[in-house]
file query_14.csv (CSV, C-alpha atoms and all ligand atoms)
chain,number,residue,atom,x,y,z
W,1,MET,CA,103.2,82.5,57.5
W,2,ASN,CA,102.8,85.9,59.0
W,3,THR,CA,105.4,88.5,58.2
W,4,PRO,CA,106.3,91.5,60.5
W,5,SER,CA,104.3,93.9,58.2
W,6,ASN,CA,101.1,92.0,59.1
W,7,LEU,CA,101.2,93.3,62.6
W,8,GLN,CA,99.1,96.5,62.9
W,9,ASN,CA,100.1,97.5,66.4
W,10,ASP,CA,103.6,96.7,67.4
W,11,VAL,CA,103.9,99.3,70.2
W,12,PHE,CA,104.1,96.6,72.8
W,13,LEU,CA,106.9,94.7,71.1
W,14,ARG,CA,108.8,98.0,70.5
W,15,ALA,CA,108.5,99.2,74.1
W,16,LEU,CA,109.8,95.8,75.3
W,17,GLN,CA,112.9,96.5,73.3
W,18,CYS,CA,113.2,100.1,74.5
W,19,GLN,CA,112.5,101.4,71.0
W,20,PRO,CA,110.7,104.7,70.4
W,21,VAL,CA,106.9,104.5,70.8
W,22,PRO,CA,104.2,107.2,70.6
W,23,TYR,CA,102.5,106.1,73.8
W,24,THR,CA,102.9,103.6,76.6
W,25,PRO,CA,101.3,100.2,75.6
W,26,VAL,CA,99.1,98.5,78.1
W,27,TRP,CA,97.8,95.0,78.9
W,28,MET,CA,96.7,93.3,82.2
W,29,MET,CA,97.9,90.1,83.8
W,30,ARG,CA,94.8,87.8,84.0
W,31,GLN,CA,93.0,90.0,81.5
W,32,ALA,CA,90.9,87.0,80.4
W,33,GLY,CA,89.3,85.9,83.6
W,34,ARG,CA,86.5,85.8,86.1
W,35,TYR,CA,86.0,89.6,86.3
W,36,LEU,CA,84.4,89.3,82.8
W,37,PRO,CA,80.9,87.9,82.7
W,38,GLU,CA,81.5,86.5,79.2
W,39,TYR,CA,84.5,84.5,80.6
W,40,ARG,CA,82.3,83.0,83.3
W,41,ALA,CA,79.8,82.0,80.7
W,42,THR,CA,82.4,80.3,78.5
W,43,ARG,CA,84.0,78.6,81.5
W,44,ALA,CA,80.5,77.3,82.5
W,45,ARG,CA,80.1,75.9,78.9
W,46,ALA,CA,83.6,74.3,79.1
W,47,GLY,CA,82.6,72.5,82.4
W,48,SER,CA,85.9,73.2,84.2
W,49,PHE,CA,88.9,75.4,84.0
W,50,LEU,CA,91.1,72.6,82.8
W,51,GLN,CA,88.6,71.7,80.0
W,52,LEU,CA,88.7,75.4,79.0
W,53,CYS,CA,92.5,75.4,78.7
W,54,GLN,CA,92.4,72.1,76.8
W,55,THR,CA,89.8,73.1,74.2
W,56,PRO,CA,91.6,75.3,71.7
W,57,GLU,CA,88.4,76.9,70.3
W,58,LEU,CA,87.3,77.9,73.8
W,59,ALA,CA,90.8,79.0,74.9
W,60,CYS,CA,90.9,81.2,71.8
W,61,GLU,CA,87.5,82.6,72.6
W,62,VAL,CA,88.4,83.7,76.1
W,63,THR,CA,91.8,85.1,75.0
W,64,LEU,CA,90.0,87.4,72.6
W,65,GLN,CA,87.2,88.5,75.0
W,66,PRO,CA,89.1,91.3,76.7
W,67,LEU,CA,90.3,92.6,73.3
W,68,ALA,CA,86.7,92.9,72.2
W,69,ARG,CA,86.0,95.2,75.1
W,70,PHE,CA,89.2,97.2,75.5
W,71,PRO,CA,91.8,98.7,73.2
W,72,LEU,CA,94.6,96.6,74.7
W,73,ASP,CA,98.0,96.6,73.1
W,74,ALA,CA,98.7,92.8,73.6
W,75,ALA,CA,96.8,89.5,73.9
W,76,ILE,CA,98.0,86.8,76.3
W,77,LEU,CA,97.4,83.1,75.6
W,78,PHE,CA,94.8,81.7,77.8
W,79,SER,CA,96.3,78.8,79.7
W,80,ASP,CA,98.0,78.1,83.0
W,81,ILE,CA,101.5,77.7,84.4
W,82,LEU,CA,100.5,74.2,85.7
W,83,THR,CA,100.0,72.7,82.3
W,84,ILE,CA,103.6,71.4,82.6
W,85,PRO,CA,103.1,69.3,85.8
W,86,HIS,CA,99.8,68.2,84.3
W,87,ALA,CA,101.7,67.0,81.2
W,88,MET,CA,104.2,65.3,83.4
W,89,GLY,CA,101.5,63.1,84.8
W,90,LEU,CA,101.3,64.6,88.3
W,91,GLY,CA,97.5,64.8,88.3
W,92,LEU,CA,96.2,68.3,88.4
W,93,GLN,CA,92.7,69.4,89.5
W,94,PHE,CA,91.2,72.8,90.2
W,95,GLU,CA,88.8,72.5,93.1
W,96,THR,CA,86.3,75.4,93.3
W,97,GLY,CA,87.4,77.9,95.9
W,98,GLU,CA,90.6,75.9,96.7
W,99,GLY,CA,92.9,76.6,93.8
W,100,PRO,CA,95.0,73.9,92.2
W,101,VAL,CA,95.6,70.4,93.6
W,102,ILE,CA,98.5,68.1,92.5
W,103,GLN,CA,97.4,64.6,93.2
W,104,ARG,CA,100.9,63.0,93.1
W,105,PRO,CA,103.3,65.5,94.7
W,106,VAL,CA,107.1,65.2,94.2
W,107,ARG,CA,108.8,65.0,97.6
W,108,ASN,CA,112.0,62.9,97.3
W,109,ALA,CA,114.7,61.5,95.0
W,110,ALA,CA,112.5,58.5,94.1
W,111,ASP,CA,109.7,60.8,93.0
W,112,VAL,CA,112.1,62.9,90.9
W,113,SER,CA,113.6,59.9,89.2
W,114,LYS,CA,110.2,59.0,87.7
W,115,LEU,CA,109.8,62.3,86.0
W,116,GLY,CA,110.4,62.9,82.3
W,117,VAL,CA,110.3,66.0,80.1
W,118,PRO,CA,106.9,66.2,78.3
W,119,ASP,CA,106.9,66.6,74.5
W,120,PRO,CA,105.2,69.9,73.8
W,121,HIS,CA,103.9,68.6,70.5
W,122,GLN,CA,102.2,65.6,72.1
W,123,GLU,CA,101.1,66.2,75.7
W,124,LEU,CA,100.9,70.0,75.3
W,125,ARG,CA,99.6,70.0,71.7
W,126,TYR,CA,96.4,71.6,72.8
W,127,VAL,CA,98.4,74.7,73.8
W,128,MET,CA,100.1,74.9,70.4
W,129,ASP,CA,96.8,74.4,68.7
W,130,ALA,CA,95.3,77.3,70.8
W,131,VAL,CA,98.3,79.5,69.8
W,132,SER,CA,97.8,78.9,66.1
W,133,LEU,CA,94.1,79.5,66.3
W,134,ILE,CA,94.5,82.7,68.3
W,135,ARG,CA,97.1,84.1,65.9
W,136,ARG,CA,94.7,83.4,63.0
W,137,GLU,CA,91.8,85.1,64.8
W,138,LEU,CA,93.8,88.1,65.9
W,139,HIS,CA,94.4,89.0,62.2
W,140,GLY,CA,97.6,90.9,63.3
W,141,ARG,CA,95.6,93.3,65.5
W,142,VAL,CA,98.1,93.1,68.4
W,143,PRO,CA,100.9,90.7,69.3
W,144,LEU,CA,100.3,87.5,71.3
W,145,ILE,CA,102.2,86.8,74.5
W,146,GLY,CA,103.1,83.2,75.4
W,147,PHE,CA,104.1,82.2,78.9
W,148,ALA,CA,105.2,79.6,81.4
W,149,GLY,CA,105.9,79.6,85.2
W,150,SER,CA,109.4,79.8,86.5
W,151,PRO,CA,110.8,76.4,87.5
W,152,TRP,CA,110.9,77.4,91.2
W,153,THR,CA,107.2,78.6,91.1
W,154,VAL,CA,106.0,75.5,89.3
W,155,ALA,CA,108.0,73.4,91.7
W,156,THR,CA,106.2,74.9,94.7
W,157,TYR,CA,103.0,73.5,93.4
W,158,CYS,CA,104.6,70.1,92.5
W,159,VAL,CA,106.1,69.7,96.0
W,160,GLU,CA,103.5,71.3,98.2
W,161,GLY,CA,100.7,69.6,96.3
W,162,GLY,CA,98.9,72.9,95.7
W,163,SER,CA,99.0,76.5,96.9
W,164,SER,CA,100.9,77.1,100.1
W,165,ARG,CA,101.2,79.8,102.8
W,166,ASP,CA,104.6,78.9,104.3
W,167,PHE,CA,106.2,76.7,101.6
W,168,ALA,CA,107.2,74.3,104.4
W,169,ARG,CA,107.6,71.2,102.3
W,170,ILE,CA,109.6,72.6,99.5
W,171,LYS,CA,111.8,74.6,101.8
W,172,GLY,CA,112.4,71.6,103.9
W,173,MET,CA,113.4,69.7,100.8
W,174,MET,CA,115.6,72.7,99.7
W,175,TYR,CA,117.6,72.7,103.0
W,176,ASP,CA,117.6,68.9,103.6
W,177,ASP,CA,117.9,67.4,100.2
W,178,PRO,CA,118.9,70.2,97.7
W,179,ALA,CA,120.1,67.6,95.2
W,180,SER,CA,116.6,66.2,94.7
W,181,LEU,CA,115.1,69.7,94.4
W,182,HIS,CA,117.8,70.7,91.8
W,183,GLY,CA,116.9,67.5,90.0
W,184,LEU,CA,113.2,68.6,89.8
W,185,LEU,CA,114.1,72.2,88.8
W,186,HIS,CA,116.4,70.8,86.1
W,187,ILE,CA,113.6,68.8,84.6
W,188,LEU,CA,111.1,71.7,84.8
W,189,THR,CA,113.7,74.0,83.2
W,190,GLN,CA,114.2,71.6,80.2
W,191,ALA,CA,110.4,71.2,79.9
W,192,THR,CA,109.9,75.0,80.0
W,193,ILE,CA,112.5,75.7,77.3
W,194,GLN,CA,111.0,73.2,75.0
W,195,TYR,CA,107.5,74.4,75.8
W,196,LEU,CA,108.3,78.1,75.2
W,197,ASN,CA,110.1,77.3,72.0
W,198,ALA,CA,107.1,75.3,70.8
W,199,GLN,CA,104.8,78.3,71.6
W,200,ILE,CA,107.1,80.6,69.7
W,201,GLU,CA,107.1,78.2,66.7
W,202,ALA,CA,103.3,78.1,66.9
W,203,GLY,CA,103.1,81.9,66.8
W,204,VAL,CA,103.6,83.7,70.1
W,205,GLN,CA,105.5,87.0,69.6
W,206,ALA,CA,106.8,87.6,73.2
W,207,VAL,CA,107.2,85.3,76.2
W,208,MET,CA,106.8,85.9,79.9
W,209,VAL,CA,108.1,83.8,82.8
W,210,PHE,CA,105.9,84.1,85.9
W,211,ASP,CA,108.0,83.7,89.1
W,212,THR,CA,105.2,84.4,91.5
W,213,TRP,CA,106.9,82.8,94.5
W,214,GLY,CA,110.6,83.6,94.0
W,215,SER,CA,110.5,86.3,96.7
W,216,VAL,CA,109.7,83.8,99.5
W,217,LEU,CA,113.4,82.8,99.3
W,218,THR,CA,116.4,84.3,101.0
W,219,PRO,CA,118.5,86.3,98.4
W,220,ALA,CA,121.1,83.5,98.4
W,221,CYS,CA,118.4,80.8,97.8
W,222,TYR,CA,116.7,83.0,95.2
W,223,ARG,CA,119.9,83.0,93.2
W,224,GLU,CA,120.5,79.3,93.5
W,225,PHE,CA,116.9,77.9,93.2
W,226,SER,CA,115.1,80.5,91.0
W,227,LEU,CA,117.3,83.0,89.2
W,228,GLN,CA,119.8,80.4,88.0
W,229,TYR,CA,117.0,78.4,86.2
W,230,MET,CA,115.4,81.5,84.7
W,231,GLU,CA,118.8,82.3,83.3
W,232,GLN,CA,118.9,78.9,81.6
W,233,ILE,CA,115.5,79.5,80.2
W,234,VAL,CA,116.4,82.9,78.6
W,235,ALA,CA,119.6,81.3,77.3
W,236,GLY,CA,117.6,78.4,75.7
W,237,THR,CA,114.6,80.3,74.2
W,238,LYS,CA,114.5,81.4,70.6
W,239,ARG,CA,115.3,85.1,70.1
W,240,GLN,CA,113.9,85.5,66.6
W,241,ALA,CA,110.8,84.4,64.8
W,242,GLU,CA,109.1,85.6,61.7
W,243,GLY,CA,111.9,88.1,61.2
W,244,ARG,CA,111.5,89.8,64.5
W,245,THR,CA,112.9,89.7,68.0
W,246,VAL,CA,110.8,87.7,70.4
W,247,PRO,CA,111.2,89.7,73.6
W,248,ARG,CA,111.5,87.8,76.9
W,249,ILE,CA,109.9,89.2,80.1
W,250,LEU,CA,110.9,87.9,83.5
W,251,PHE,CA,108.6,88.6,86.5
W,252,THR,CA,109.5,87.8,90.0
W,253,LYS,CA,106.7,89.1,92.2
W,254,GLY,CA,108.3,90.8,95.3
W,255,ALA,CA,111.7,91.0,93.7
W,256,GLY,CA,112.5,94.5,95.0
W,257,PRO,CA,116.3,95.1,95.0
W,258,LEU,CA,116.8,91.7,93.4
W,259,LEU,CA,115.7,93.4,90.2
W,260,ALA,CA,119.4,94.6,89.9
W,261,GLU,CA,120.5,90.9,89.6
W,262,MET,CA,117.7,90.0,87.3
W,263,ALA,CA,118.8,92.9,85.1
W,264,LYS,CA,122.1,91.0,84.4
W,265,LEU,CA,120.2,88.2,82.6
W,266,ASP,CA,119.9,88.2,78.8
W,267,CYS,CA,116.2,89.1,78.7
W,268,GLU,CA,114.5,92.2,77.2
W,269,ALA,CA,112.2,93.2,80.1
W,270,LEU,CA,111.4,92.8,83.8
W,271,GLY,CA,108.0,92.8,85.4
W,272,VAL,CA,107.6,95.0,88.5
W,273,ASP,CA,105.0,94.5,91.2
W,274,TRP,CA,103.3,97.4,93.0
W,275,MET,CA,105.5,97.3,96.1
W,276,THR,CA,108.5,98.8,94.2
W,277,ASP,CA,108.4,102.3,92.8
W,278,LEU,CA,109.2,102.3,89.1
W,279,ALA,CA,111.7,105.2,89.5
W,280,GLN,CA,113.6,103.1,92.1
W,281,ALA,CA,113.3,100.0,89.8
W,282,ARG,CA,114.8,102.0,86.9
W,283,GLN,CA,117.7,103.0,89.1
W,284,TRP,CA,118.3,99.3,90.0
W,285,VAL,CA,117.9,98.1,86.4
W,286,GLY,CA,119.3,101.0,84.4
W,287,ASP,CA,118.2,101.6,80.8
W,288,ARG,CA,119.2,98.2,79.5
W,289,LYS,CA,115.8,96.6,80.1
W,290,ALA,CA,112.2,97.6,79.7
W,291,LEU,CA,110.0,97.6,82.8
W,292,GLN,CA,106.5,96.2,82.9
W,293,GLY,CA,104.1,97.3,85.6
W,294,ASN,CA,103.0,98.3,88.2
W,295,LEU,CA,99.6,99.7,89.2
W,296,ASP,CA,98.4,98.1,92.5
W,297,PRO,CA,95.6,95.8,91.3
W,298,CYS,CA,93.5,97.1,94.2
W,299,VAL,CA,93.4,100.6,92.6
W,300,LEU,CA,90.8,99.1,90.3
W,301,TYR,CA,88.3,98.9,93.2
W,302,ALA,CA,88.3,102.7,93.3
W,303,GLN,CA,86.2,105.0,91.1
W,304,PRO,CA,87.4,106.0,87.6
W,305,GLY,CA,88.6,109.4,88.7
W,306,ARG,CA,90.9,107.9,91.3
W,307,ILE,CA,92.1,105.2,88.9
W,308,ARG,CA,93.1,108.0,86.5
W,309,GLU,CA,95.1,109.7,89.3
W,310,GLU,CA,97.0,106.5,90.1
W,311,VAL,CA,97.7,105.8,86.5
W,312,ALA,CA,99.2,109.3,86.2
W,313,ARG,CA,101.3,108.5,89.3
W,314,VAL,CA,102.7,105.3,87.8
W,315,LEU,CA,103.4,106.9,84.4
W,316,ALA,CA,105.2,109.8,86.2
W,317,SER,CA,107.2,107.4,88.4
W,318,PHE,CA,108.7,105.7,85.3
W,319,GLY,CA,109.1,109.2,83.7
W,320,HIS,CA,110.3,110.0,80.3
W,321,GLY,CA,111.6,107.3,78.0
W,322,HIS,CA,110.3,104.4,75.9
W,323,GLY,CA,111.0,101.2,77.8
W,324,HIS,CA,107.7,101.1,79.8
W,325,VAL,CA,104.9,98.6,79.3
W,326,PHE,CA,101.9,99.5,81.6
W,327,ASN,CA,100.4,96.7,83.5
W,328,LEU,CA,99.0,95.8,86.9
W,329,GLY,CA,101.6,94.8,89.6
W,330,HIS,CA,99.9,91.3,89.6
W,331,GLY,CA,96.7,89.7,88.2
W,332,ILE,CA,93.4,91.6,88.1
W,333,HIS,CA,91.0,90.5,90.9
W,334,PRO,CA,87.8,88.7,90.0
W,335,ALA,CA,85.5,91.3,91.7
W,336,ILE,CA,86.8,94.3,89.6
W,337,PRO,CA,84.0,96.0,87.5
W,338,PRO,CA,85.1,95.7,83.8
W,339,GLU,CA,84.4,99.5,83.4
W,340,HIS,CA,87.2,100.2,85.9
W,341,ALA,CA,89.7,98.2,83.7
W,342,ALA,CA,88.4,100.3,80.8
W,343,ALA,CA,89.1,103.5,82.7
W,344,MET,CA,92.7,102.4,83.5
W,345,ILE,CA,93.4,101.6,79.8
W,346,GLN,CA,91.9,104.8,78.6
W,347,ALA,CA,94.0,106.8,81.1
W,348,VAL,CA,97.2,105.1,80.0
W,349,HIS,CA,96.6,105.9,76.4
W,350,GLU,CA,95.5,109.5,77.1
W,351,LEU,CA,98.2,110.5,79.7
W,352,SER,CA,101.3,108.7,78.4
W,353,PRO,CA,102.1,110.4,75.0
W,354,GLN,CA,103.8,113.3,77.0
W,355,TYR,CA,106.4,110.9,78.2
W,356,HIS,CA,107.4,109.9,74.6
W,357,SER,CA,107.8,113.4,73.1
W,358,LEU,CA,111.3,114.5,72.2
W,401,LIG,O1,97.0,86.5,82.2
W,401,LIG,C1,96.1,85.9,81.6
W,401,LIG,O2,95.0,86.4,81.2
W,401,LIG,C2,96.5,84.5,81.0
W,401,LIG,C3,96.0,83.4,81.8
W,401,LIG,C4,96.7,82.9,83.1
W,401,LIG,C5,96.0,82.1,84.0
W,401,LIG,N1,96.9,81.7,84.9
W,401,LIG,C6,94.6,81.8,83.9
W,401,LIG,C7,93.9,81.3,85.2
W,401,LIG,C8,98.0,83.1,83.5
W,401,LIG,C9,99.2,83.9,82.9
W,401,LIG,C10,98.2,82.3,84.7
W,401,LIG,C11,99.4,82.1,85.4
W,401,LIG,C12,99.4,81.5,86.7
W,401,LIG,N2,98.7,80.4,87.1
W,401,LIG,C13,100.3,81.9,87.8
W,401,LIG,C14,101.3,82.9,87.7
W,401,LIG,C15,100.8,84.3,87.8
W,401,LIG,C16,100.1,84.7,89.0
W,401,LIG,O3,98.9,84.9,89.0
W,401,LIG,O4,100.8,84.7,90.1
W,401,LIG,C17,100.0,81.0,88.9
W,401,LIG,C18,100.7,81.1,90.2
W,401,LIG,C19,99.0,80.1,88.4
W,401,LIG,C20,98.5,78.9,89.2
W,401,LIG,C21,97.0,79.1,89.4
W,401,LIG,N3,96.1,79.0,88.4
W,401,LIG,C22,96.4,79.3,90.6
W,401,LIG,C23,97.0,79.5,92.0
W,401,LIG,C24,95.0,79.3,90.3
W,401,LIG,C25,93.9,79.4,91.3
W,401,LIG,C26,93.8,80.8,91.9
W,401,LIG,C27,92.7,81.6,91.3
W,401,LIG,O5,92.9,82.7,90.9
W,401,LIG,O6,91.6,81.0,91.3
W,401,LIG,C28,94.8,79.2,88.9
W,401,LIG,C29,93.6,79.2,88.2
W,401,LIG,C30,93.5,80.2,87.0
W,401,LIG,N4,94.4,80.4,86.1
W,401,LIG,C31,92.3,81.0,86.7
W,401,LIG,C32,92.6,81.7,85.6
W,401,LIG,C33,91.7,82.6,84.8
W,401,LIG,C34,91.0,81.0,87.5
W,401,LIG,C35,90.3,79.7,87.2
W,401,LIG,C36,88.8,79.8,87.1
W,401,LIG,O7,88.3,80.2,86.1
W,401,LIG,O8,88.2,79.4,88.1
call {"tool": "encode", "arguments": {"input": "query_14.csv", "output": "structure tokens"}}
result
Amino acid sequence: MNTPSNLQNDVFLRALQCQPVPYTPVWMMRQAGRYLPEYRATRARAGSFLQLCQTPELACEVTLQPLARFPLDAAILFSDILTIPHAMGLGLQFETGEGPVIQRPVRNAADVSKLGVPDPHQELRYVMDAVSLIRRELHGRVPLIGFAGSPWTVATYCVEGGSSRDFARIKGMMYDDPASLHGLLHILTQATIQYLNAQIEAGVQAVMVFDTWGSVLTPACYREFSLQYMEQIVAGTKRQAEGRTVPRILFTKGAGPLLAEMAKLDCEALGVDWMTDLAQARQWVGDRKALQGNLDPCVLYAQPGRIREEVARVLASFGHGHGHVFNLGHGIHPAIPPEHAAAMIQAVHELSPQYHSL
């Protein structure tokens, strides 16, 4: 069993708890992904994206790929938020160029009544096996982040049957048949709590909940259909493992002023997308929570000199203090040259110590 002293770099875990750190830690959402040629090669070997997720040795390999290239301060489990609907038997496929497809969407009370909470040690065992393997192969170099989707965000895929532009079906269900939607969200919440706790037991050292689509809701609906369930998740996940706090990060893309309400939840950190200034986010949130973000992912299309300027701007917008984890405001795009990601990481490590001096 690993003990806290085995971790060589805990800057990320400390920053998430607003504890003193010598520099701002950095990782990237989707850091293992298609912008890396070595990822594309492993994915081709796996045959499909789902096969890659379900083969622990390959999931471990791609998790470690960005760490072999860049001095990142955290690793993130390679998996997907749609493993839960997959484990619930809804039939998941990833069509090339089309994104995810759910073959048996959930659209009414009868569909909801057929659903059960998957056992994370059975149907999702491959994820736990990947976590154990990654922890072993990391040798304590940096902490490992586990994750899940928010119930609302996962429900959008379950109800729409895939990605959506207007969320017409799930919003129709929300306004016409809220009881059925709450039934689905309740099951997804129970599944997510068990899933995250199993990831923590298997060795993840922080967890992040991705609420990619929370901001398509009105503020009132956001509270009722997304925030409420994230609150249940933070209340239900383990706080401690291996003698350390397991920080919980909540990320609603497009949250804006709703960050003030998210800040009332019992989590350690909030993700911030690029559309909100970190100085403003800090005002809304106060010093109770760490903030993670928020470089516009499109900055990485620019040349390294410009990337450095924009990194400096993000660091300055957070300003002095310890509770900042540098990240992109959303996932890295597949067409980004890896050297540009390297320039961003280097700039964060070189420019941030001034914000952590006394
Ligand atoms: O951050 C990481 O490096 C960890 C891996 C990770 C993936 N998906 C791998 C992935 C994480 C954290 C996710 C989360 C996820 N998955 C979210 C929430 C975060 C976000 O990006 O908003 C969502 C909405 C999904 C659902 C999903 N998975 C979609 C819509 C797609 C297709 C769109 C696309 O980018 O192609 C995926 C596929 C997916 N998940 C890929 C990766 C690397 C690309 C698959 C491939 O190799 O073709």
call {"tool": "residues_near_ligand", "arguments": {"input": "query_14.csv", "ligand": "ligand LIG 401 (chain W)", "cutoff": "8 Å", "atoms": "only C-alpha atoms and all ligand atoms", "output": "ChimeraX atom specification"}}
result
/W:28-34,39-40,43,48-49,63,76-82,94,96-100,147-149,153-154,162-163,210-213,253,330-331,334
call {"tool": "residues_near_point", "arguments": {"input": "query_14.csv", "point": "(100.6, 88.3, 68.6)", "cutoff": "12 Å", "atoms": "all atoms listed in the file", "output": "count of residues only"}}
result
48
call {"tool": "closest_residue", "arguments": {"input": "query_14.csv", "among": "W:Met173, W:Val127, W:Ala269, W:Ala235", "to": "W:Glu201", "atoms": "all atoms listed in the file"}}
result
W:Val127
call {"tool": "atom_distance", "arguments": {"input": "query_14.csv", "atom1": "atom CA of W:Ala302", "atom2": "atom CA of W:Arg282"}}
result
27.3 Å
call {"tool": "closest_residue", "arguments": {"input": "query_14.csv", "among": "W:Val216, W:Leu196, W:Arg288, W:Arg125", "to": "W:Asp166", "atoms": "all atoms listed in the file"}}
result
W:Val216
call {"tool": "closest_residue", "arguments": {"input": "query_14.csv", "among": "W:Glu350, W:Glu339, W:Asp266, W:Glu123", "to": "W:Gln303", "atoms": "all atoms listed in the file"}}
result
W:Glu339
call {"tool": "atom_distance", "arguments": {"input": "query_14.csv", "atom1": "atom CA of W:Lys289", "atom2": "atom CA of W:Phe326"}}
result
14.3 Å
call {"tool": "residues_near_point", "arguments": {"input": "query_14.csv", "point": "(105.1, 101.4, 83.5)", "cutoff": "9 Å", "atoms": "only C-alpha atoms", "output": "PDB file with C-alpha atoms, in the frame of the given file"}}
result
ATOM      1  CA  THR W  24     102.900 103.600  76.600  1.00  0.00           C
ATOM      2  CA  PRO W  25     101.300 100.200  75.600  1.00  0.00           C
ATOM      3  CA  VAL W  26      99.100  98.500  78.100  1.00  0.00           C
ATOM      4  CA  VAL W 272     107.600  95.000  88.500  1.00  0.00           C
ATOM      5  CA  LEU W 278     109.200 102.300  89.100  1.00  0.00           C
ATOM      6  CA  ALA W 290     112.200  97.600  79.700  1.00  0.00           C
ATOM      7  CA  LEU W 291     110.000  97.600  82.800  1.00  0.00           C
ATOM      8  CA  GLN W 292     106.500  96.200  82.900  1.00  0.00           C
ATOM      9  CA  GLY W 293     104.100  97.300  85.600  1.00  0.00           C
ATOM     10  CA  ASN W 294     103.000  98.300  88.200  1.00  0.00           C
ATOM     11  CA  LEU W 295      99.600  99.700  89.200  1.00  0.00           C
ATOM     12  CA  VAL W 314     102.700 105.300  87.800  1.00  0.00           C
ATOM     13  CA  LEU W 315     103.400 106.900  84.400  1.00  0.00           C
ATOM     14  CA  ALA W 316     105.200 109.800  86.200  1.00  0.00           C
ATOM     15  CA  SER W 317     107.200 107.400  88.400  1.00  0.00           C
ATOM     16  CA  PHE W 318     108.700 105.700  85.300  1.00  0.00           C
ATOM     17  CA  GLY W 319     109.100 109.200  83.700  1.00  0.00           C
ATOM     18  CA  GLY W 323     111.000 101.200  77.800  1.00  0.00           C
ATOM     19  CA  HIS W 324     107.700 101.100  79.800  1.00  0.00           C
ATOM     20  CA  VAL W 325     104.900  98.600  79.300  1.00  0.00           C
ATOM     21  CA  PHE W 326     101.900  99.500  81.600  1.00  0.00           C
ATOM     22  CA  ASN W 327     100.400  96.700  83.500  1.00  0.00           C
ATOM     23  CA  LEU W 328      99.000  95.800  86.900  1.00  0.00           C
TER      24      LEU W 328
END
call {"tool": "atom_distance", "arguments": {"input": "query_14.csv", "atom1": "atom CA of W:Ser164", "atom2": "atom CA of W:Leu36"}}
result
26.8 Å
call {"tool": "closest_residue", "arguments": {"input": "query_14.csv", "among": "W:Ala109, W:Ile233, W:Ile187, W:Ala347", "to": "W:Ser150", "atoms": "all atoms listed in the file"}}
result
W:Ile233
call {"tool": "residues_around", "arguments": {"input": "query_14.csv", "residues": "stretch 83-87 of chain W", "least_positions_apart": "2", "cutoff": "7 Å", "atoms": "only C-alpha atoms", "output": "PyMOL selection string"}}
result
chain W and resi 80-81+89-92+118+123-124+158
call {"tool": "closest_residue", "arguments": {"input": "query_14.csv", "among": "W:Cys298, W:Cys18, W:Ala342, W:Ala44", "to": "W:Glu310", "atoms": "only C-alpha atoms"}}
result
W:Cys298
call {"tool": "residues_around", "arguments": {"input": "query_14.csv", "residues": "W:Arg306", "least_positions_apart": "5", "cutoff": "12 Å", "atoms": "all atoms listed in the file", "output": "list in words"}}
result
Cys298, Val299, Leu300, Tyr301, Val311, Ala312, Arg313, His340, Ala343, Met344 and Ala347 of chain W
call {"tool": "closest_residue", "arguments": {"input": "query_14.csv", "among": "W:Leu115, W:Met208, W:Ala155, W:Cys53", "to": "W:Ile102", "atoms": "only C-alpha atoms"}}
result
W:Ala155
call {"tool": "axis_aligned_box", "arguments": {"input": "query_14.csv", "around": "stretch 260-274 of chain W", "padding_each_side": "4 Å", "output": "lines of an AutoDock Vina configuration file"}}
result
center_x = 112.7
center_y = 92.8
center_z = 85.1
size_x = 26.8
size_y = 17.2
size_z = 23.8
